[in-house]
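Have a look at the structure below before the remarks.
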Amino acid sequence: PKPLTPGKKEFCLLLPELEQICILFECLPAMSLRQSHTQICYGVFPLRDGTPVLAKWTTRVTFSEGEEPEMQAMEKWMEPLTPEEFDYGTAANPIKTRPFAYALGDRRKGIQLLREYFLDRKVTFEQMKHSSTGRRTLSKLADVIKEKYAPYITAAAAVM
């Protein structure tokens with residue numbers, strides 16, 4: 001194989017940029033606990049052919065016991081959902097199933113997310129910073145991240 005060369009590398013995101021960053025941040029706290037846990041997120045994900053599907057994405061992480069727990073296993077799986085199943089799951093606990101989307105005010109139903117998936121994919125952070133609505137969304141995202149991760153930021157600052 002060809003050796004990797006340093007420099008800017010870009011790759012195609014599976015999700016719209018805002019949705020991708022929300023899911024990334026939703027997964028961070030659970031991983032930092034270094035204890036076994038199961039996490040469930042709801043969202044719109046593309047199939048291999050690019051067709052969007054509503055799904056429940058489950059991640060189960062197992063850590064060893066003891067003073068310095070080590071990750072032993074990580075399992076991830078997706079279950080396709082009907083719009084009705086999606087709406088029922090997110091309505092039951094939106095703060096756990098789509099926490100960042102919920103914090104940003106995204107209360108769309110499953111059928112609406114499917115209809116708007118390709119429009120959402122066209123929205124980039126670069127575009128968002130050039131509109132007042134986009135800047136408000138990015139500012140709210142920054143506030144949510146700061147609030148949710150304040151204990152981690154404080155702990156990291158104490159170590160440095």
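The way I read the labels, and the way they are meant: chains A, B, ... in the order of the structure tokens, residue 1 as the first residue of every chain, and ligand 1 as the first ligand shown, with later ones counted on from there.
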Please provide as a VMD selection string all residues within 9 Å of range 145-158 of chain A, with the sequence filter that same-chain residues fewer than 4 positions apart are discarded (counting only C-alpha atoms).
-> chain A and resid 25 29 100 140 to 141
With a distance cut-off of 8 Å and only C-alpha atoms, select the neighbouring residues of range 82-91 of chain A, excluding the residue or stretch itself and same-chain residues fewer than 5 positions from it, and output the selection as a count of residues only.
-> 9
State, in Å with one decimal place, the distance from CA of Ser132 in chain A to CA of Asp120 in chain A.
->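 According to the coordinates, CA of Ser132 in chain A and CA of Asp120 in chain A are separated by 17.1 Å.
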Can you tell me, as a PyMOL selection string, what residues are no more than 8 Å from Leu15 in chain A when counting only C-alpha atoms, ignoring any on the same chain fewer than 5 positions away?
-> chain A and resi 20+44-46+121
Looking only at alpha helix (DSSP H) from DSSP on the backbone, list the matching residues of chain A as a PyMOL selection string.
-> chain A and resi 17-32+83-92+94-97+99-103+110-122+125-128+132-159
So how far away is CA of Thr59 in chain A from CA of Leu114 in chain A, in Å?
->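 A separation of 22.6 Å between them.
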All strand (DSSP E) residues (DSSP, backbone) inside range 26-90 of chain A, as a PyMOL selection string = chain A and resi 37-46+52-63+71-80
May I have the residues within 6 Å of range 122-128 of chain A as a list in words, using only C-alpha atoms and disregarding those fewer than 4 positions away in the same chain?
-> Glu17, Gly134 and Arg135 of chain A
Looking at A:Val144, A:Val53, A:Leu81, A:Gln35, which one is nearest to Tyr102 in chain A, with distances taken over only C-alpha atoms?
->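 Checking each of A:Val144, A:Val53, A:Leu81, A:Gln35 against Tyr102 in chain A, counting only C-alpha atoms, the winner is A:Val144.
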